Structure formats: C-alpha cells, structure tokens
Protein chains: 4
Amino acid sequence: MCRWLAYSGTPIRLEELLYKPRYSLIDQSMHSRFGVETTNGDGFGVGWYPVDGPGEPTLFRGVGPAWSDANLRELARSTMSPLFLAHIRASTGTPVQQTNCHPFRYEHWLWLHNGSIRDFHRLKRDLVLAVDPELYPFMAGSTDSEVMFYLALTYGLRDRPVAAVERMAGLVESVGRTHGVEQPLQMTVATTDGDKTWCFRYSSEGHSRSLYYSTAISALHQLYPENERLRRLSDETRLVVSEPLADLEGAWQPVPESSYGVIQKGDDELGRFEPAVP
Amino acid sequence: MCRWLAYSGTPIRLEELLYKPRYSLIDQSMHSRFGVETTNGDGFGVGWYPVDGPGEPTLFRGVGPAWSDANLRELARSTMSPLFLAHIRASTGTPVQQTNCHPFRYEHWLWLHNGSIRDFHRLKRDLVLAVDPELYPFMAGSTDSEVMFYLALTYGLRDRPVAAVERMAGLVESVGRTHGVEQPLQMTVATTDGDKTWCFRYSSEGHSRSLYYSTAISALHQLYPENERLRRLSDETRLVVSEPLADLEGAWQPVPESSYGVIQKGDDELGRFEPAVP
Amino acid sequence: MCRWLAYSGTPIRLEELLYKPRYSLIDQSMHSRFGVETTNGDGFGVGWYPVDGPGEPTLFRGVGPAWSDANLRELARSTMSPLFLAHIRASTGTPVQQTNCHPFRYEHWLWLHNGSIRDFHRLKRDLVLAVDPELYPFMAGSTDSEVMFYLALTYGLRDRPVAAVERMAGLVESVGRTHGVEQPLQMTVATTDGDKTWCFRYSSEGHSRSLYYSTAISALHQLYPENERLRRLSDETRLVVSEPLADLEGAWQPVPESSYGVIQKGDDELGRFEPAVP
Amino acid sequence: MCRWLAYSGTPIRLEELLYKPRYSLIDQSMHSRFGVETTNGDGFGVGWYPVDGPGEPTLFRGVGPAWSDANLRELARSTMSPLFLAHIRASTGTPVQQTNCHPFRYEHWLWLHNGSIRDFHRLKRDLVLAVDPELYPFMAGSTDSEVMFYLALTYGLRDRPVAAVERMAGLVESVGRTHGVEQPLQMTVATTDGDKTWCFRYSSEGHSRSLYYSTAISALHQLYPENERLRRLSDETRLVVSEPLADLEGAWQPVPESSYGVIQKGDDELGRFEPAVP
C-alpha cells in the first residue's frame with residue numbers, strides 16, 4: 001500500500017530521515033521490506049511546519065517515484081522542520097495524480113494514511129454524502145484516504161481528534177456492512193495540527209498494517225552514547241514510521257493493534273481505538 | 001476556457017486537423033484568437049474511433065501543453081480515424097490532471113465541453129447527488145464538465161441524447177437558482193457514440209462561447225475546385241470547431257445560439273436547445 | 001538496469017505482449033525476476049511499425065512508471081503491429097526524461113539497450129567526439145545508450161549492422177582502456193530497420209545481462225497444440241526478451257554470450273560477436 | 001524566448017515577486033507583454049540562497065507551466081531569501097525537460113539566460129568541444145544556455161566573471177562565423193555566486209532582448225513614501241527583470257545595449273560589454 005513517517009521534535013533537515021538512514025523512506029519507495037507492496041512508486045508527499053512556531057504547513061507533492069525526484073532531494077537538503085509528515089504512495093486503484101498524494105491539508109491540519117477502504121468504489125458515494133456540505137468542496141482528489149480525512153473533520157477532528165477518527169471508522173464499517181463488505185477498513189493514520197500529532201493503527205479484521213514508534217530518546221542515548229545523530233535530538237523527539245528506518249536494536253516499538261498514540265509536549269499518550277457509529 | 005473540434009467523415013490522419021491548418025488546434029493551444037483565454041495550456045486530449053467500424057474509442061490525454069507534447073505529434077502523424085474529438089484545456093480552477101482532461105469516456109461514448117458551471121464548487125454536491133448511483137463510481141476527475149456528462153448519462157444520453165442534455169442543463173440551472181447563481185451554465189458540448197455526433201451551444205445568459213460547423217463539402221468543392229485537401233473528403237464529412245481552423249471564405253457557419261446539431265449519415269439535423277427541469 | 005522485448009511476425013496488438021502474459025513487460029516494470037534491479041520505473045517506450053509495410057515507426061515514450069500509464073494501456077489495446085520494440089527503464093544515473101527513454105530513432109531505424117557503459121561520465125566526451133559531426137545534432141538525450149546508437153550509425157549501421165555494432169563496441173573498450181576502465185561495456189541491444197531485427201548480447205567481462213529468444217513457433221505448435229494464442233502466430237514470428245514472459249517449457253532459448261542474432265524472412269542467423277577497434 | 005528576474009537585498013518571500021505584482025513573473029508565463037513570445041509555458045525554475053549567508057543555493061525546477069504548478073506556489077509562500085533567480089521558459093526548440101530548465105547550477109554558482117544561439121544545432125558540437133573536459137561531464141541538458149554557462153566557467157567565470165562572459169560571447173560569434181551564421185548570439189544573462197550578481201545584455205546584431213533594473217530604492221522611497229512594500233526594503237535591494245513587474249513610474253531603468261551590471265555591497269557597477277575571441 002504505502003509507507004509513511006511522522007516526525008516531531010528537535011528541528012532537523014528533512015533529508016536526515018528521508019534519505020540518510022539505511023532503510024530511509026526514499027529507499028522504501030523502491031524496496032520496502034515490510035509493506036504489502038515492495039514498490040511505492042505512485043507519487044509522494046511531504047508536509048512540514050516552519051521552525052518558528054506552528055503556522056501553516058507547506059506541502060510538496062509529486063506524481064513520479066520519490067527515488068528519482070530531483071526537487072525532493074533539493075528541498076530535503078535545504079529544509080529544516082520540527083514537525084513533518086512524509087508519505088510514499090502505492091496506489092490501490094485510484095489515479096496517480098497530485099490531488100491523490102498525501103499528506104492532505106485542511107487549514108493547518110495534515111493527514112496521511114496507509115491502507116484502504118475495501119470496495120471503496122461501491123462505498124464511496126455513501127461516505128461522501130456524510131461529509132459536511134461546508135467541507136465537501138475542499139475535497140480535491142479521488143482517494144479513500146482523503147474522504148476519511150474529511151469525514152474525521154466532519155466529526156470534530158479539530159476539537160476531539162480521537163473521537164472523531166473513531167466515528168469516521170465507525171461510519172466506514174457501518175456503510176461497509178450495508179453494502180455487504182464485512183471488513184472494510186484497513187488503516188494506519190497520522191494527523192497533526194502543527195503542535196500535537198495523533199497516530200492510529202486499526203483494521204476491521206484486527207490485522208493491521210505495521211506501525212512503529214521510536215523509543216524514548218533518553219533511553220537510546222544510554223544505549224548508544226557514541227551515536228552522534230541521536231545526541232543532537234531532544235528528549236521529546238519522536239518518530240512514528242510504517243517500518244523501521246534502521247536496524248538499531250531497542251529503538252523501535254510496534255504500535256499495538258487497535259490503538260492510538262498522541263505525541264505532545266510532556267508525556268505521550270497511548271490508548272485503545274474503538275470505532276463508534278456516528 | 002477551452003478549444004475543441006469534432007470530426008466525422010472520410011478517415012484522415014489526426015495531424016491533418018491537429019497540426020496542419022493555419023490556425024490548427026495545436027496552434028490555438030498557444031494563440032487562440034476567439035477564446036476567452038488566449039492560452040489553452042492546461043492539458044489536452046484526443047479520442048478516436050478505429051477506421052473499421054465504431055468499436056471502442058481510444059483515449060490519449062496529457063497534462064502538459066499540447067504544443068510541446070512529442071507523443072501527441074507522433075500519434076497524430078500515424079493515426080487514421082473517421083471520427084474523433086480533440087480538446088485543449090484552459091482550467092477554470094480545477095486541477096491540471098489527466099482525469100480532468102477531455103474527452104471523457106463512458107462505454108463507447110465520448111464527451112467534451114468548453115465553458116463552465118459558474119460557482120461550481122458551491123453547486124457541485126447537489127449536482128453529483130443527482131447522478132445515478134450506478135454511474136457515480138465511474139466519475140474519476142473533479143471537473144464540472146465530467147459531472148455534466150454523467151448527469152446527461154443519468155438522464156438517458158444513450159437513448160435520447162438531446163433530451164438528456166436538455167435535462168442536464170435544466171438541472172444545472174435549477175440547482176444554480178437554489179444557490180442564488182442566476183446564470184450558471186455556459187457550454188459548447190460535443191458527444192458521440194462512434195456513429196452519430198451531437199453538438200450543443202447554449203448558455204444561461206444567451207451569450208454562448210463560439211461554435212462553428214463546416215459548410216457542406218460539396219459546396220466547398222465548387223468554391224475551391226483546386227483545393228487538394230478538400231477533394232479527398234466525402235460529401236458527408238463534417239467538422240465542428242470552437243473557432244475556424246483557417247480563413248477559407250464560406251467554409252464556416254456559426255452554430256446559432258441555443259441550438260444543437262446532429263451529424264449523421266444522410267441529412268444532418270439542427271434544432272433548438274431548451275433546458276428542461278428533470 | 002532495464003528490460004526490453006523485440007517482436008517480429010504476425011501482426012498482434014501490443015497488449016498481447018506488454019500486458020497479458022504472466023510476466024509481461026509491464027509486470028516486470030514493478031517486479032523483474034531476472035534483472036539487476038527489480039524495479040524498472042524510470043520511464044518506458046514503445047516503437048512500432050505499421051501493419052502495411054515498413055514505413056516510419058511511431059514512438060510513444062513516457063517518463064513515469066509503465067505500470068500506471070493510462071495512455072500506454074490505451075494504445076497497447078488499440079495498436080496492431082508486425083514489428084515493435086518495447087523498453088522499461090531503470091536509470092543508471094542519467095536523468096529520467098523523455099529524451100533518455102528507449103527506443104531511440106534515427107530515420108526509420110530503432111535502437112534499444114539494456115546495460116551500461118561503466119564510468120560513462122568520464123568516457124562520454126571521447127565517445128561523443130567519435131560520432132559523425134553530421135549525426136551529432138540528432139543526439140537529444142544524455143544516455144550511454146543513445147551515444148552507442150549514434151556511434152553504430154557512424155560506423156555504418158545502415159549498411160553492415162553487425163560490423164558497425166562491433167566497431168562501436170571496439171571503440172567503447174578502446175576509450176575505456178585509455179581512461180583506465182577495464183571492462184567498460186555491458187549490453188544487450190536490439191535494433192531494426194522495420195524489416196530485419198538484429199539482437200546483440202555482449203559484455204567486456206564475458207558475463208552479460210540475460211537475453212532469450214523464442215523457440216521456432218512450429219515446434220511450440222507441436223508441444224502445445226491446444227494453445228490458442230500460439231496458433232494464430234505464423235512460423236516466422238519471433239520474440240527476443242530480457243527475461244521470459246511466461247513459464248512455457250521449451251519456449252525460450254538463452255542467447256549465447258558474445259553473440260548476435262538476425263531475425264528476418266527465411267532462416268534466422270546466429271553469429272559470434274567480436275568487438276573491432278574502428 | 002524566456003522571462004527572468006534576479007533579486008538581491010532584504011530577505012523577502014519569493015511570492016512577493018513571483019506572484020503578487022501586477023505583472024508578476026508567473027503572470028508573464030501566460031501573458032508576457034514585452035517578450036518575443038507571449039507564452040512562456042515550457043518549464044520554469046527558481047534558485048535561491050538561504051537567509052543565513054551564501055551557502056549552496058537550492059533549485060526548484062519544473063517542466064509544466066509555472067502558472068499551474070501547485071508546488072511552486074507552496075514554496076513561494078514559505079521560502080524567504082536575500083538572493084534568488086527565477087526563470088520561465090519558452091523553448092526555442094530544445095526539449096521541455098527539467099535538465100533544460102534555468103537556472104543552471106555549478107558548485108554555488110547559478111546562471112540563467114533569455115535569448116538563443118542562432119542555428120545552435122549546427123554550432124553546438126564546436127562549442128561543446130571548447131568546454132573544459134573536466135567540466136564537460138556536468139552538462140546535463142541540451143540547451144544553448146547551459147553550454148554558454150559551461151563555456152563561461154571554462155573561461156574563468158569564477159575569477160573574472162565579465163571577462164569570462166565576454167570570451168564566451170566571442171567564441172560563439174567566432175564559431176558562428178565559421179559556419180556562416182552572421183549574428184549568432186542573442187542574450188540577457190544573470191549569474192551569481194550567492195554574493196554578487198552579474199547581469200548582461202548583448203546581441204550580435206545590437207538589438208537585444210529587453211532588460212531593466214530597479215531604480216535605487218532610496219529614490220523610490222522619496223517618490224512613494226506611502227508604499228508599504230517598498231518601505232521594508234533596504235537601500236541596497238536590487239531587482240533586474242526581463243520586463244517591469246508593475247507600472248510604477250520612475251521605478252525601472254532599461255539596461256543599455258551591450259552592457260553589464262554588477263549588483264554588490266556598496267556601489268553597483270555598470271560597464272560596456274565587448275565580446276573577446278578567447
């Protein structure tokens with residue numbers, strides 16, 4: 001399907017995560033190890049917030065493979081950010097076009113998704129009808145992922161993010177059942193307002209796509225005192241990824257099935273994710 | 001807005017109309033004389049039927065300007081067709097992507113449009129809801145033009161084309177009024193099933209984009225007996241265009257306001273176009 | 001590196017070889033089994049001759065991955081040809097752009113290549129200087145493959161193809177040695193004038209990229225009398241491929257190391273390939 | 001041909017010059033008023049230096065029209081720079097591909113060009129041969145503009161920029177004469193090392209493409225004391241453009257025929273440009 005990462009913490013250059021690690025996201029675009037598809041060459045996107053405060057994120061999205069995009073390499077080298085989402089796409093059927101590339105943005109929120117809504121073409125109309133008519137005109141592409149975003153916005157993403165995503169998931173499952181699609185939802189999702197970041201791992205069949213978060217940096221400092229790259233990162237720095245970027249023992253924890261995490265100042269949260277019919 | 005042409009008659013190479021005339025469609029992509037916009041560089045498309053019978057048309061659509069597309073030039077040189085539609089796009093706001101390029105295709109039907117639905121982002125949801133749910137999943141892009149096509153299909157384009165387009169126009173105007181958009185529809189349209197071709201010129205304000213059809217070839221033969229290009233064309237050959245391809249006196253007739261024409265074996269038809277609330 | 005195929009024989013639709021086989025060329029663009037790279041997503045190209053006689057071939061080349069190209073799928077469905085070359089690219093360093101996509105064309109000749117010239121950036125200037133100044137302006141891209149084509153043209157490809165390619169290879173090895181590159185050439189090549197097709201397998205180190213040709217169709221007819229697809233093909237139909245398109249036992253023969261083959265009316269030829277300093 | 005601008009001074013967001021002025025560069029991509037071509041839709045590029053010191057510039061170049069590029073709009077909104085070059089291209093024959101988009105970069109130098117070398121395809125080989133063999137491998141595209149850059153580098157651009165460009169021009173004219181091309185060179189050029197910027201206006205026939213530089217900001221402050229946009233700019237801020245971005249009387253001075261200017265700390269320079277055979 002797709003691969004993604006969400007970074008939050010000490011401002012770093014995008015290339016530190018997109019290009020430099022052994023199994024960087026760009027490397028995964030050609031050779032994913034954990035994905036359903038080994039090739040994620042159907043477009044890509046990065047959304048980043050500026051170093052000086054939340055502000056509106058900047059989007060850079062392309063329709064070619066990430067591995068050969070000269071502009072992405074340029075921007076990754078010159079852009080610093082304390083909070084960014086990046087995504088490489090393997091289409092599950094919808095066209096390869098910029099409006100279908102993640103992350104999606106609404107106001108200062110970003111959203112990205114790995115997975116799919118099964119039989120989306122049959123469920124799409126009912127799902128789209130449930131989107132707030134005020135929000136409807138802002139949907140620009142044709143993916144299940146973008147519809148999920150606008151459903152979550154409809155259900156209050158900006159106020160109570162976890163509950164909103166649970167209602168979105170509940171609706172997808174309810175509409176799926178109506179159409180005889182038993183296990184319609186497969187997702188890992190990251191969404192952020194530029195301050196906090198929420199990550200979700202869930203699937204109707206209880207067998208979700210992989211998702212990992214980085215161990216507390218302080219613990220890694222003790223394990224790898226000589227690692228220069230780790231030393232520059234603050235204790236609050238966090239990384240959530242579809243698959244580990246490097247084989248650094250103890251560095252990665254799987255996100256449990258049917259759960260969500262919140263990355264924020266102070267202690268992070270981890271909770272159980274339960275779809276709720278809206 | 002856009003520029004287009006519809007050809008029906010003696011099989012010819014596409015380049016005869018796309019590249020060779022003085023004011024060819026490709027020339028118009030950079031320097032339109034009659035268009036609202038002089039530049040039509042937001043993608044292009046050609047749909048052609050094979051020489052041996054109606055069959056399914058082939059689509060070739062691109063997102064760059066037509067004037068620099070090397071593949072289009074290659075195909076135009078090598079492809080013969082007795083019936084084809086071609087379009088160059090000037091976006092009225094929706095993204096430049098292949099799924100927004102004309103012609104659109106459903107089964108063996110093609111459709112293309114010049115003009116727009118005013119305030120489409122506000123009217124879109126109501127219009128899309130009126131599309132037959134069975135047809136809904138086939139809409140792939142985000143233009144007003146494609147929604148118009150699927151509305152026409154919903155209202156019976158395949159059985160009674162003129163009535164179906166009139167009901168589509170009636171719906172657009174009705175939905176427009178509901179939202180306080182007084183004159184929502186501006187269109188020239190061509191649609192074909194590979195046998196007959198229907199062309200429409202209409203706008204809510206009674207001041208529609210230009211549209212011309214070629215004079216009977218037999219008359220042109222008499223006027224220009226020495227013209228080699230004309231001599232090869234059968235009497236039933238017809239061309240409908242957004243703007244004349246050459247300054248050949250007597251060769252072009254404006255399509256009247258609020259009217260439609262049918263290009264077919266035997267006599268063509270010309271009739272009055274009247275939107276009808278569905 | 002890359003994958004390619006050359007077809008000659010009974011006119012067929014391009015899709016029969018590009019899309020339908022189990023391990024079709026388009027399938028190989030994402031999952032090559034025999035290639036140095038499993039992904040060949042850096043552009044593609046097809047060049048085909050018309051059904052009615054040699055004539056000038058038509059080129060269709062794109063910079064995105066072949067697997068998601070909607071136009072390629074359309075054209076492959078509607079285009080018949082008795083002789084065509086197709087190529088999917090995995091760049092060895094030169095940019096992903098249309099002028100670097102194979103096949104390359106000069107007059108009515110086509111050329112495609114899998115492999116590389118080692119340290120091409122160091123050897124390029126000397127190689128380019130050896131191209132006939134009359135031919136120099138026709139080189140449009142920046143690949144080693146295109147320079148090899150123009151060197152072969154310089155050495156008489158149009159008159160004595162095998163000798164010309166041998167001199168090209170001899171020059172590459174000679175220039176390589178001058179610059180301390182011991183084994184500079186790695187290649188499988190196909191070239192055609194629209195009538196005959198020449199294929200080459202060679203590398204300086206005697207360990208060349210894979211290349212296979214189809215067994216005589218008559219033998220396959222006997223082995224698989226019930227195979228509908230085979231039955232329609234004439235005895236003179238031949239296919240040369242980077243890797244087999246299907247696991248049909250007895251259907252594929254490896255082209256030997258350091259050899260060339262000629263596909264033509266009457267008996268094919270197979271000979272030893274020996275680089276010759278020009 | 002093309003349109004370009006070079007900015008140096010108080011750090012500003014790129015969009016201030018690329019999008020906001022009445023006749024912004026992006027506006028000129030569709031409707032140039034002073035250009036030989038009114039449409040400049042064959043790609044674009046921006047190269048900018050970071051706010052904190054010279055450093056290496058970042059390049060962003062695209063092959064579609066600038067007016068519809070969503071990424072350019074995003075980056076222009078979020079990127080601040082004290083020194084940048086921007087270019088919109090109208091091809092004079094060479095392919096529309098990223099390696100042909102300006103600015104070109106070598107080390108920390110940028111180069112862009114409006115104009116052409118007449119009959120470039122005939123002169124190209126001799127010109128390319130004059131490029132330092134050490135620099136030769138860095139030429140990635142196929143334009144006259146890039147060859148001019150590498151010739152200037154060959155003749156000492158990094159040490160004595162004006163003399164190097166004069167020798168480049170001298171070579172082009174000398175090679176032109178050899179091939180019977182009387183007035184081969186037409187150019188406005190900007191090049192920068194991230195500190196100083198050099199601009200050139202010259203043509204063999206003494207009738208060069210238009211070029212303007214901004215009047216001293218201090219003078220403009222007096223003329224337009226209420227202009228908010230001007231007030232924020234330092235006295236040393238300079239802008240050089242193919243055509244004025246707005247009708248602000250007294251704001252623009254034409255660069256004289258056959259001359260060069262240097263934008264730098266302290267007083268700028270203006271001198272006579274005289275090609276010199278190298």
# chains A, B, ... in the order shown; residues from 1 in each chain; ligands from 1
>>> residues_around(residues="Gly53 of chain D", least_positions_apart="2", cutoff="12 Å", atoms="only C-alpha atoms", output="list in words")
Pro11, Trp48, Tyr49, Pro50, Val51, Gly55, Glu56, Pro57, Ser81, Pro82, Leu83, Asp193, Gly194 and Asp195 of chain D
>>> write_last_selection(atoms="N, CA and C atoms", output="short mmCIF file (atom, residue, chain, number, x, y, z; two decimals), in the first residue's frame")
data_model
loop_
_atom_site.label_atom_id
_atom_site.label_comp_id
_atom_site.auth_asym_id
_atom_site.auth_seq_id
_atom_site.Cartn_x
_atom_site.Cartn_y
_atom_site.Cartn_z
N PRO D 11 15.92 40.11 2.73
CA PRO D 11 15.22 38.83 2.52
C PRO D 11 13.71 39.04 2.39
N TRP D 48 17.50 29.69 -5.08
CA TRP D 48 17.60 30.68 -4.01
C TRP D 48 18.70 30.32 -3.02
N TYR D 49 19.28 31.37 -2.45
CA TYR D 49 20.29 31.21 -1.40
C TYR D 49 19.61 31.38 -0.05
N PRO D 50 20.13 30.71 0.97
CA PRO D 50 19.48 30.78 2.28
C PRO D 50 19.67 32.15 2.93
N VAL D 51 18.81 32.42 3.91
CA VAL D 51 18.85 33.72 4.58
C VAL D 51 20.15 33.89 5.36
N GLY D 55 26.22 30.08 1.20
CA GLY D 55 25.89 28.68 1.15
C GLY D 55 25.54 28.23 -0.24
N GLU D 56 25.09 26.99 -0.38
CA GLU D 56 24.73 26.46 -1.68
C GLU D 56 23.28 26.79 -1.96
N PRO D 57 22.99 27.20 -3.17
CA PRO D 57 21.59 27.52 -3.48
C PRO D 57 20.76 26.25 -3.65
N SER D 81 14.29 34.54 1.05
CA SER D 81 15.65 34.53 0.53
C SER D 81 16.12 35.95 0.28
N PRO D 82 17.43 36.19 0.49
CA PRO D 82 18.01 37.51 0.20
C PRO D 82 18.55 37.59 -1.23
N LEU D 83 18.54 36.48 -1.94
CA LEU D 83 19.16 36.46 -3.28
C LEU D 83 18.61 35.28 -4.04
N ASP D 193 27.19 34.27 -7.58
CA ASP D 193 27.89 33.32 -6.72
C ASP D 193 27.27 33.30 -5.32
N GLY D 194 26.14 33.94 -5.17
CA GLY D 194 25.48 33.99 -3.87
C GLY D 194 25.83 35.25 -3.11
N ASP D 195 26.80 35.99 -3.64
CA ASP D 195 27.20 37.25 -3.01
C ASP D 195 26.92 38.39 -3.99
#
>>> interface_residues(of="chain C", to="chain B", cutoff="10 Å", atoms="only C-alpha atoms", output="count of residues only")
20
>>> atom_distance(atom1="atom CA of His113 of chain B", atom2="atom CA of Gly93 of chain A")
26.5 Å
>>> select_by_dssp(residues="segment 150-242 of chain D", states="helix (DSSP H, G or I)", output="MDAnalysis selection string")
chainID D and resid 150:154 161:178 217:223 228:231
>>> atom_distance(atom1="atom CA of Gly115 of chain D", atom2="atom CA of Ala90 of chain D")
9.7 Å
>>> select_by_dssp(residues="segment 69-123 of chain D", states="strand (DSSP E or B)", output="list in words")
Met80, Ser81, Pro82, Leu83, Phe84, Leu85, Ala86, His87, Ile88, Arg89, Phe104, Arg105, Tyr106, Trp109, Leu110, Trp111, Leu112, His113, Asn114, Gly115, Ser116 and Ile117 of chain D
>>> residues_around(residues="Ser24 of chain B", least_positions_apart="6", cutoff="8 Å", atoms="only C-alpha atoms", output="VMD selection string")
chain B and resid 17 to 18 245 to 246
>>> residues_around(residues="segment 219-236 of chain A", least_positions_apart="5", cutoff="7 Å", atoms="only C-alpha atoms", output="JSON, numbers by chain")
{"A": [9, 10, 251]}
>>> atom_distance(atom1="atom CA of Ser214 of chain D", atom2="atom CA of Trp252 of chain D")
4.8 Å
>>> residues_around(residues="Val172 of chain C", least_positions_apart="4", cutoff="7 Å", atoms="only C-alpha atoms", output="list in words")
Met168, Gly176, Pro184 and Leu185 of chain C
>>> write_last_selection(atoms="C-alpha atoms", output="compact mmCIF listing (two decimals), in the first residue's frame")
# COMPACT_ATOMS: atom_id res chain seq x y z
CA MET C 168 31.07 0.64 -31.69
CA GLY C 176 37.66 2.70 -21.70
CA PRO C 184 33.54 -0.76 -19.82
CA LEU C 185 30.77 -2.34 -21.88
>>> residues_around(residues="Gln28 of chain D", least_positions_apart="4", cutoff="12 Å", atoms="only C-alpha atoms", output="ChimeraX atom specification")
/B:39 /D:1-5,17-24,32-41,44,65-67,87-90,241-246
>>> residues_around(residues="Ile117 of chain C", least_positions_apart="2", cutoff="12 Å", atoms="only C-alpha atoms", output="PyMOL selection string")
chain C and resi 1+92-94+113-115+119-124+127+143-148+168-169+171-173+175-176+181-188+202-204
>>> write_last_selection(atoms="C-alpha atoms", output="CSV table (one decimal), in the first residue's frame")
chain,number,residue,atom,x,y,z
C,1,MET,CA,19.1,-1.9,-15.4
C,92,THR,CA,21.9,4.0,-14.1
C,93,GLY,CA,22.4,7.7,-13.2
C,94,THR,CA,21.2,9.8,-16.2
C,113,HIS,CA,19.7,-1.2,-24.9
C,114,ASN,CA,20.0,-2.9,-21.5
C,115,GLY,CA,23.2,-2.5,-19.7
C,119,ASP,CA,32.1,5.3,-15.8
C,120,PHE,CA,30.2,6.8,-18.7
C,121,HIS,CA,30.6,10.3,-17.4
C,122,ARG,CA,34.4,10.0,-17.8
C,123,LEU,CA,34.3,8.3,-21.2
C,124,LYS,CA,31.4,10.3,-22.7
C,127,LEU,CA,32.9,8.8,-27.3
C,143,THR,CA,22.4,8.4,-22.0
C,144,ASP,CA,25.2,6.0,-22.9
C,145,SER,CA,22.6,4.0,-24.9
C,146,GLU,CA,21.9,6.8,-27.3
C,147,VAL,CA,25.6,7.5,-27.8
C,148,MET,CA,26.1,3.8,-28.6
C,168,MET,CA,31.1,0.6,-31.7
C,169,ALA,CA,31.9,-1.9,-29.0
C,171,LEU,CA,35.6,1.9,-29.6
C,172,VAL,CA,34.0,1.8,-26.2
C,173,GLU,CA,36.5,-0.7,-25.0
C,175,VAL,CA,38.3,4.5,-25.0
C,176,GLY,CA,37.7,2.7,-21.7
C,181,VAL,CA,38.2,1.4,-17.2
C,182,GLU,CA,39.0,-2.2,-17.8
C,183,GLN,CA,35.6,-3.7,-18.6
C,184,PRO,CA,33.5,-0.8,-19.8
C,185,LEU,CA,30.8,-2.3,-21.9
C,186,GLN,CA,27.7,-4.3,-20.8
C,187,MET,CA,24.9,-4.7,-23.3
C,188,THR,CA,22.1,-6.4,-24.8
C,202,TYR,CA,27.9,-8.9,-25.1
C,203,SER,CA,29.9,-7.6,-22.2
C,204,SER,CA,33.6,-6.8,-21.8
>>> decode(residues="segment 142-171 of chain C", atoms="N, CA, C and O atoms", output="short mmCIF file (atom, residue, chain, number, x, y, z; two decimals), in the first residue's frame")
data_model
loop_
_atom_site.label_atom_id
_atom_site.label_comp_id
_atom_site.auth_asym_id
_atom_site.auth_seq_id
_atom_site.Cartn_x
_atom_site.Cartn_y
_atom_site.Cartn_z
N SER C 142 20.92 12.20 -22.92
CA SER C 142 22.20 12.18 -22.25
C SER C 142 22.65 10.78 -21.84
O SER C 142 23.54 10.63 -21.02
N THR C 143 22.06 9.75 -22.44
CA THR C 143 22.40 8.38 -22.03
C THR C 143 23.57 7.81 -22.81
O THR C 143 23.84 8.21 -23.95
N ASP C 144 24.21 6.81 -22.18
CA ASP C 144 25.20 5.99 -22.87
C ASP C 144 24.54 5.25 -24.05
O ASP C 144 25.13 5.13 -25.13
N SER C 145 23.30 4.82 -23.85
CA SER C 145 22.62 4.02 -24.87
C SER C 145 22.47 4.76 -26.19
O SER C 145 22.63 4.20 -27.27
N GLU C 146 22.13 6.05 -26.09
CA GLU C 146 21.94 6.83 -27.32
C GLU C 146 23.28 7.09 -28.00
O GLU C 146 23.37 7.05 -29.23
N VAL C 147 24.32 7.33 -27.22
CA VAL C 147 25.64 7.52 -27.82
C VAL C 147 26.07 6.24 -28.55
O VAL C 147 26.63 6.29 -29.66
N MET C 148 25.80 5.08 -27.96
CA MET C 148 26.12 3.82 -28.62
C MET C 148 25.40 3.72 -29.98
O MET C 148 25.98 3.25 -30.97
N PHE C 149 24.15 4.16 -30.02
CA PHE C 149 23.38 4.13 -31.26
C PHE C 149 24.04 5.01 -32.33
O PHE C 149 24.26 4.58 -33.46
N TYR C 150 24.40 6.22 -31.93
CA TYR C 150 24.97 7.13 -32.93
C TYR C 150 26.38 6.73 -33.34
O TYR C 150 26.81 7.00 -34.46
N LEU C 151 27.10 6.06 -32.43
CA LEU C 151 28.39 5.50 -32.85
C LEU C 151 28.17 4.38 -33.88
O LEU C 151 28.86 4.30 -34.89
N ALA C 152 27.19 3.54 -33.62
CA ALA C 152 26.90 2.46 -34.58
C ALA C 152 26.47 3.04 -35.92
O ALA C 152 26.90 2.56 -36.99
N LEU C 153 25.66 4.09 -35.89
CA LEU C 153 25.28 4.75 -37.15
C LEU C 153 26.52 5.31 -37.86
O LEU C 153 26.67 5.20 -39.08
N THR C 154 27.41 5.91 -37.06
CA THR C 154 28.64 6.46 -37.62
C THR C 154 29.46 5.38 -38.33
O THR C 154 30.06 5.61 -39.38
N TYR C 155 29.44 4.17 -37.75
CA TYR C 155 30.27 3.08 -38.30
C TYR C 155 29.52 2.23 -39.32
O TYR C 155 29.94 1.12 -39.64
N GLY C 156 28.37 2.71 -39.77
CA GLY C 156 27.74 2.01 -40.89
C GLY C 156 26.57 1.10 -40.54
O GLY C 156 26.29 0.14 -41.27
N LEU C 157 25.88 1.40 -39.46
CA LEU C 157 24.77 0.53 -39.04
C LEU C 157 23.81 0.26 -40.19
O LEU C 157 23.31 -0.86 -40.34
N ARG C 158 23.55 1.28 -41.01
CA ARG C 158 22.54 1.13 -42.05
C ARG C 158 23.01 0.22 -43.20
O ARG C 158 22.21 -0.26 -43.97
N ASP C 159 24.31 -0.02 -43.28
CA ASP C 159 24.82 -0.86 -44.36
C ASP C 159 25.25 -2.25 -43.87
O ASP C 159 24.85 -3.25 -44.44
N ARG C 160 26.07 -2.27 -42.85
CA ARG C 160 26.55 -3.55 -42.33
C ARG C 160 26.37 -3.53 -40.82
O ARG C 160 27.30 -3.27 -40.06
N PRO C 161 25.17 -3.85 -40.37
CA PRO C 161 24.81 -3.64 -38.96
C PRO C 161 25.72 -4.35 -37.96
O PRO C 161 26.16 -3.75 -36.98
N VAL C 162 26.03 -5.62 -38.22
CA VAL C 162 26.83 -6.35 -37.23
C VAL C 162 28.22 -5.74 -37.13
O VAL C 162 28.72 -5.48 -36.03
N ALA C 163 28.83 -5.48 -38.25
CA ALA C 163 30.17 -4.89 -38.22
C ALA C 163 30.16 -3.52 -37.54
O ALA C 163 31.08 -3.16 -36.81
N ALA C 164 29.09 -2.76 -37.76
CA ALA C 164 29.02 -1.42 -37.17
C ALA C 164 28.91 -1.50 -35.65
O ALA C 164 29.55 -0.74 -34.92
N VAL C 165 28.12 -2.44 -35.17
CA VAL C 165 27.99 -2.57 -33.71
C VAL C 165 29.29 -3.12 -33.13
O VAL C 165 29.70 -2.73 -32.03
N GLU C 166 29.96 -3.99 -33.86
CA GLU C 166 31.25 -4.48 -33.37
C GLU C 166 32.28 -3.35 -33.28
O GLU C 166 33.10 -3.31 -32.35
N ARG C 167 32.24 -2.44 -34.23
CA ARG C 167 33.17 -1.31 -34.16
C ARG C 167 32.79 -0.36 -33.03
O ARG C 167 33.67 0.16 -32.33
N MET C 168 31.51 -0.17 -32.83
CA MET C 168 31.07 0.64 -31.69
C MET C 168 31.61 0.04 -30.39
O MET C 168 32.20 0.73 -29.56
N ALA C 169 31.43 -1.26 -30.23
CA ALA C 169 31.89 -1.93 -29.01
C ALA C 169 33.41 -1.83 -28.89
O ALA C 169 33.95 -1.62 -27.80
N GLY C 170 34.08 -1.97 -30.02
CA GLY C 170 35.54 -1.85 -30.01
C GLY C 170 35.97 -0.46 -29.57
O GLY C 170 36.92 -0.31 -28.77
N LEU C 171 35.28 0.56 -30.03
CA LEU C 171 35.64 1.92 -29.63
C LEU C 171 35.41 2.12 -28.13
O LEU C 171 36.26 2.68 -27.43
#
